[in-house]
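Structure, as structure tokens:
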Amino acid sequence: MGSIYNDTNPAFSGPTGGSSLTAFFDSRSAAESAVSRLEDAGVPVARIRLMPGYEADGKNAGAMSDDRSGFFDALADFFFPDEDRAVYAEGLRRGGFLVQVNDIDDALYETVHDILDDEGSIDMDERADLWSLEDRQQGASNTGFAGQPSGGKSSEDLAVSESAFDDARPVAMRDTTHGSAKVRAYTLPNPDTPSSDETNRQSQTQSQGGSHQSQGFRRDH
């Protein structure tokens with residue numbers, strides 16, 4: 001039987017700098033070729049991550065893993081937005097390979113992008129739309145990757161179990177000013193700058209506190 005393979009750099013704790021570039025590949029050879037070229041270009045090995053997906057043996061060639069939540073959980077320390085994490089997890093379940101380069105020096109940024117874009121990477125938005133269509137046609141129902149009947153971009157349509165999320169984990173934001181159709185760029189927010197959600201919660205808390213104080217009692221959180 002095939003198996004879920006471990007991250008090639010499991011001790012890595014996530015992006016250490018402000019930016020990362022990520023690409024997804026259908027074959028191990030293409031992913032490993034990209035990694036080799038990145039190393040040859042001078043990218044430190046510690047900044048490169050290769051996450052292999054499910055690989056069926058010869059007897060089960062073409063099969064995909066039934067384990068949806070396992071791959072989703074395996075990407076926890078990649079700090080992807082939830083919808084991107086779900087798409088990548090589905091790709092890994094189907095036998096793909098994820099490559100991410102973190103903390104990229106400015107001098108190497110374009111080189112890293114060009115290598116990831118050139119080595120057979122795929123358009124994940126396009127592929128996710130296809131997967132969602134397949135799931136709808138098959139009447140699939142699951143908590144890992146489920147297309148909604150409304151259609152539209154799959155990255156916005158994926159339904160993921162909220163119980164899988166850890167509210168304390170940092171979340172990188174998609175950087176739409178960089179990257180391309182086949183290479184996604186991400187940035188981690190400045191830890192000293194509260195996110196918009198956090199700012200809203202603080203504002204609501206302060207508003208509620210003022211309202212409650214006017215009524216003569218305090219709400220504990």
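Lettering and numbering for the structure tokens are positional, with chains as A, B, ... in the shown order, residues counted from 1 in each chain, and ligands counted from 1 in the shown order.
Close contacts of Val101 of chain A, defined as residues with an atom at most 10 Å away when counting only C-alpha atoms, with chain neighbours fewer than 6 positions off set aside, comprise Pro15, Ser19, Ser20, Leu21, Thr22, Ala23, Val35, Leu38, Val43, Pro44, Val45, Ala46, Arg47, Ile48, Arg49, Leu50, Tyr109, Val112, His113, Leu116 and Ala185 of chain A.
Distance check against Tyr54 of chain A using only C-alpha atoms: of A:Gly120, A:Gly95, A:Pro81, A:Pro189, the minimum falls on A:Gly95.
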| task | Could you give me, as a PyMOL selection string, the residues within 12 Å of segment 173-181 of chain A, counting only C-alpha atoms and dropping anything in the same chain fewer than 2 positions from it? | result | chain A and resi 18-24+78-85+109-118+121-127+155+170-171+183-190+195-196
| said: Applying 12 Å and only C-alpha atoms, which residues near Gly91 of chain A remain after dropping the ones on its own chain fewer than 4 positions away? List them as JSON, numbers by chain. | reply: {"A": [23, 24, 25, 26, 27, 51, 52, 53, 54, 55, 64, 65, 67, 68, 71, 72, 75, 84, 85, 86, 87, 95, 96, 97, 98, 122, 123, 124, 125, 127, 128, 129, 130, 131, 132, 144, 145]}
